[in-house]
Amino acid sequence: QVQLVESGGGLVQAGGSLKLSCAASGRTFSNYAVGWFRRPPGNEREFVAVITRSGGLAHHSDAVKGRFTISRDNAENTVYLQMSSLKPEDTATYFCAASASLNGLGSATKESAYPYWGQGTQVTVSS
């Protein structure tokens with residue numbers, strides 16, 4: 001299995017930027033597609049972005065498209081989420097998750113498709 005640890009969260013003003021990291025250890029990282037999810041206060045966890053094993057294909061939710069970018073460096077066993085033009089509604093706990101068996105974009109947006117999860121990192125955007 002693979003272990004995931006998120007970092008990079010914090011407090012930022014609206015309009016600012018943050019870069020989250022998801023560091024992996026364990027099995028060969030390049031065998032796993034990786035997604036980012038977030039849980040806003042009082043709400044369900046929601047899909048943010050996903051990137052394929054090679055990093056050649058990525059998909060972002062409509063809520064973050066054009067502002068967030070997912071990327072990965074398999075040599076460093078790390079996936080990133082660059083967040084720009086942050087809004088107060090981006091305030092959430094952000095989680096990365098990994099799967100060796102994603103089957104299409106439809107499943108990639110669902111929590112149940114990912115067996116491995118990190119503990120999360122808090123992002124707070126002040127207005």
# chains A, B, ... in the order shown; residues from 1 in each chain; ligands from 1
>>> residues_around(residues="Gly106 in chain A", least_positions_apart="5", cutoff="12 Å", atoms="only C-alpha atoms", output="ChimeraX atom specification")
/A:47,50,59,61,111-113
>>> write_last_selection(atoms="all heavy atoms", output="compact mmCIF listing (two decimals), in the first residue's frame")
# COMPACT_ATOMS: atom_id res chain seq x y z
N PHE A 47 -14.82 16.58 -4.51
CA PHE A 47 -13.71 16.41 -5.44
C PHE A 47 -13.14 17.76 -5.85
O PHE A 47 -13.88 18.72 -6.09
CB PHE A 47 -14.20 15.65 -6.67
CG PHE A 47 -13.24 15.63 -7.81
CD1 PHE A 47 -12.14 14.77 -7.80
CD2 PHE A 47 -13.41 16.48 -8.89
CE1 PHE A 47 -11.25 14.75 -8.86
CE2 PHE A 47 -12.53 16.47 -9.96
CZ PHE A 47 -11.45 15.60 -9.94
N VAL A 50 -7.77 15.63 -10.10
CA VAL A 50 -7.14 14.31 -10.20
C VAL A 50 -6.08 14.37 -11.29
O VAL A 50 -6.21 15.14 -12.25
CB VAL A 50 -8.18 13.21 -10.50
CG1 VAL A 50 -8.89 13.46 -11.82
CG2 VAL A 50 -7.54 11.82 -10.46
N HIS A 59 -7.64 16.61 -14.41
CA HIS A 59 -9.01 17.12 -14.46
C HIS A 59 -9.29 17.88 -13.16
O HIS A 59 -8.91 17.43 -12.09
CB HIS A 59 -10.00 15.97 -14.62
CG HIS A 59 -11.43 16.39 -14.51
ND1 HIS A 59 -12.03 17.18 -15.45
CD2 HIS A 59 -12.36 16.14 -13.54
CE1 HIS A 59 -13.28 17.41 -15.08
NE2 HIS A 59 -13.50 16.78 -13.93
N SER A 61 -12.27 20.25 -10.90
CA SER A 61 -13.68 20.54 -10.75
C SER A 61 -13.99 21.94 -11.28
O SER A 61 -13.10 22.80 -11.38
CB SER A 61 -14.09 20.45 -9.28
OG SER A 61 -13.53 21.52 -8.54
N GLU A 111 -15.10 9.60 -3.95
CA GLU A 111 -14.26 9.18 -2.84
C GLU A 111 -14.06 7.68 -2.80
O GLU A 111 -12.97 7.18 -2.47
CB GLU A 111 -14.91 9.59 -1.51
CG GLU A 111 -14.96 11.05 -1.23
CD GLU A 111 -15.56 11.30 0.13
OE1 GLU A 111 -15.01 10.78 1.13
OE2 GLU A 111 -16.57 12.00 0.21
N SER A 112 -15.08 6.95 -3.14
CA SER A 112 -15.04 5.49 -3.01
C SER A 112 -14.03 4.84 -3.95
O SER A 112 -13.68 3.68 -3.77
CB SER A 112 -16.43 4.90 -3.27
OG SER A 112 -16.88 5.26 -4.56
N ALA A 113 -13.55 5.58 -4.95
CA ALA A 113 -12.58 5.03 -5.89
C ALA A 113 -11.16 5.02 -5.35
O ALA A 113 -10.26 4.46 -5.96
CB ALA A 113 -12.62 5.82 -7.19
>>> closest_atom_pairs(of="range 59-97 of chain A", to="range 7-29 of chain A", cutoff="6 Å", atoms="only C-alpha atoms", output="Markdown table")
| residue | atom | partner | partner_atom | distance |
| --- | --- | --- | --- | --- |
| A:Asn77 | CA | A:Ala24 | CA | 5.4 |
| A:Thr78 | CA | A:Ala23 | CA | 4.5 |
| A:Val79 | CA | A:Cys22 | CA | 5.0 |
| A:Tyr80 | CA | A:Ser21 | CA | 4.6 |
| A:Leu81 | CA | A:Leu20 | CA | 5.0 |
| A:Gln82 | CA | A:Lys19 | CA | 4.4 |
| A:Met83 | CA | A:Leu18 | CA | 5.2 |
| A:Ser84 | CA | A:Ser17 | CA | 4.3 |
| A:Ser85 | CA | A:Gly15 | CA | 4.2 |
| A:Leu86 | CA | A:Gly15 | CA | 4.8 |
| A:Lys87 | CA | A:Ala14 | CA | 5.0 |
>>> residues_around(residues="Val48 in chain A", least_positions_apart="3", cutoff="10 Å", atoms="only C-alpha atoms", output="short mmCIF file (atom, residue, chain, number, x, y, z; two decimals) with N, CA and C atoms, in the first residue's frame")
data_model
loop_
_atom_site.label_atom_id
_atom_site.label_comp_id
_atom_site.auth_asym_id
_atom_site.auth_seq_id
_atom_site.Cartn_x
_atom_site.Cartn_y
_atom_site.Cartn_z
N GLY A 35 -5.76 11.98 -6.44
CA GLY A 35 -6.77 13.02 -6.43
C GLY A 35 -6.64 13.92 -5.21
N TRP A 36 -7.15 15.12 -5.35
CA TRP A 36 -7.32 16.03 -4.21
C TRP A 36 -8.81 16.21 -3.96
N PHE A 37 -9.19 16.15 -2.70
CA PHE A 37 -10.55 16.40 -2.26
C PHE A 37 -10.48 17.46 -1.16
N ARG A 38 -11.63 18.03 -0.84
CA ARG A 38 -11.68 18.97 0.28
C ARG A 38 -13.00 18.84 1.01
N ARG A 45 -17.28 15.99 1.97
CA ARG A 45 -16.04 16.05 1.20
C ARG A 45 -16.36 16.10 -0.29
N HIS A 59 -7.64 16.61 -14.41
CA HIS A 59 -9.01 17.12 -14.46
C HIS A 59 -9.29 17.88 -13.16
N HIS A 60 -9.92 19.04 -13.32
CA HIS A 60 -10.24 19.88 -12.17
C HIS A 60 -11.74 20.10 -12.10
N SER A 61 -12.27 20.25 -10.90
CA SER A 61 -13.68 20.54 -10.75
C SER A 61 -13.99 21.94 -11.28
N ASP A 62 -15.25 22.16 -11.62
CA ASP A 62 -15.64 23.48 -12.12
C ASP A 62 -15.39 24.57 -11.09
N ALA A 63 -15.48 24.22 -9.81
CA ALA A 63 -15.31 25.21 -8.75
C ALA A 63 -13.90 25.79 -8.69
N VAL A 64 -12.92 25.02 -9.17
CA VAL A 64 -11.53 25.46 -9.05
C VAL A 64 -10.84 25.62 -10.39
N LYS A 65 -11.50 25.26 -11.47
CA LYS A 65 -10.88 25.30 -12.79
C LYS A 65 -10.42 26.72 -13.11
N PHE A 68 -6.86 26.56 -9.72
CA PHE A 68 -6.03 25.53 -9.11
C PHE A 68 -5.41 24.67 -10.22
N THR A 69 -4.21 24.17 -9.95
CA THR A 69 -3.55 23.27 -10.90
C THR A 69 -2.91 22.10 -10.14
N ILE A 70 -3.27 20.90 -10.55
CA ILE A 70 -2.66 19.70 -9.98
C ILE A 70 -1.49 19.29 -10.85
N LEU A 81 -0.79 20.70 -5.43
CA LEU A 81 -1.98 21.44 -5.81
C LEU A 81 -1.65 22.93 -5.64
N TYR A 94 -8.07 19.91 3.17
CA TYR A 94 -7.74 19.33 1.87
C TYR A 94 -7.05 17.99 2.08
N PHE A 95 -7.50 17.00 1.32
CA PHE A 95 -6.99 15.63 1.40
C PHE A 95 -6.47 15.19 0.05
N CYS A 96 -5.38 14.44 0.05
CA CYS A 96 -5.00 13.74 -1.16
C CYS A 96 -5.33 12.26 -1.00
N THR A 109 -13.83 11.09 -9.70
CA THR A 109 -14.37 12.17 -8.87
C THR A 109 -15.05 11.65 -7.61
#
>>> select_by_dssp(residues="range 41-102 of chain A", states="strand (DSSP E or B)", output="PyMOL selection string")
chain A and resi 46-51+58-60+68-73+78-83+92-99
>>> select_by_dssp(residues="chain A", states="alpha helix (DSSP H)", output="list in words")
Leu105, Gly106, Ser107 and Ala108 of chain A
>>> write_last_selection(atoms="N, CA and C atoms", output="PDB file, in the first residue's frame")
ATOM      1  N   LEU A 105     -12.936   8.888 -15.898  1.00  0.00           N
ATOM      2  CA  LEU A 105     -13.111  10.155 -15.206  1.00  0.00           C
ATOM      3  C   LEU A 105     -14.279  10.098 -14.226  1.00  0.00           C
ATOM      4  N   GLY A 106     -15.318   9.384 -14.576  1.00  0.00           N
ATOM      5  CA  GLY A 106     -16.482   9.333 -13.705  1.00  0.00           C
ATOM      6  C   GLY A 106     -16.153   8.808 -12.331  1.00  0.00           C
ATOM      7  N   SER A 107     -15.358   7.751 -12.271  1.00  0.00           N
ATOM      8  CA  SER A 107     -14.989   7.187 -10.970  1.00  0.00           C
ATOM      9  C   SER A 107     -13.952   8.049 -10.275  1.00  0.00           C
ATOM     10  N   ALA A 108     -13.156   8.794 -11.032  1.00  0.00           N
ATOM     11  CA  ALA A 108     -12.064   9.578 -10.444  1.00  0.00           C
ATOM     12  C   ALA A 108     -12.569  10.696  -9.539  1.00  0.00           C
TER      13      ALA A 108
END
>>> closest_residue(among="A:Thr93, A:Ser127, A:Thr121, A:Ser101", to="Thr52 in chain A", atoms="only C-alpha atoms")
A:Ser101
>>> closest_residue(among="A:Gly55, A:Gly104, A:Pro40, A:Pro115", to="Arg72 in chain A", atoms="only C-alpha atoms")
A:Gly55
>>> atom_distance(atom1="CA of Gly56 in chain A", atom2="CA of Ser99 in chain A")
16.0 Å
>>> closest_residue(among="A:Arg39, A:Tyr116, A:Arg53, A:Gln3", to="Thr91 in chain A", atoms="only C-alpha atoms")
A:Arg39
>>> residues_around(residues="Pro41 in chain A", least_positions_apart="5", cutoff="12 Å", atoms="only C-alpha atoms", output="count of residues only")
11
>>> atom_distance(atom1="CA of Ile51 in chain A", atom2="CA of Val34 in chain A")
5.6 Å
>>> closest_residue(among="A:Asn103, A:Ser30, A:Gln119, A:Ser71", to="Leu57 in chain A", atoms="only C-alpha atoms")
A:Ser71
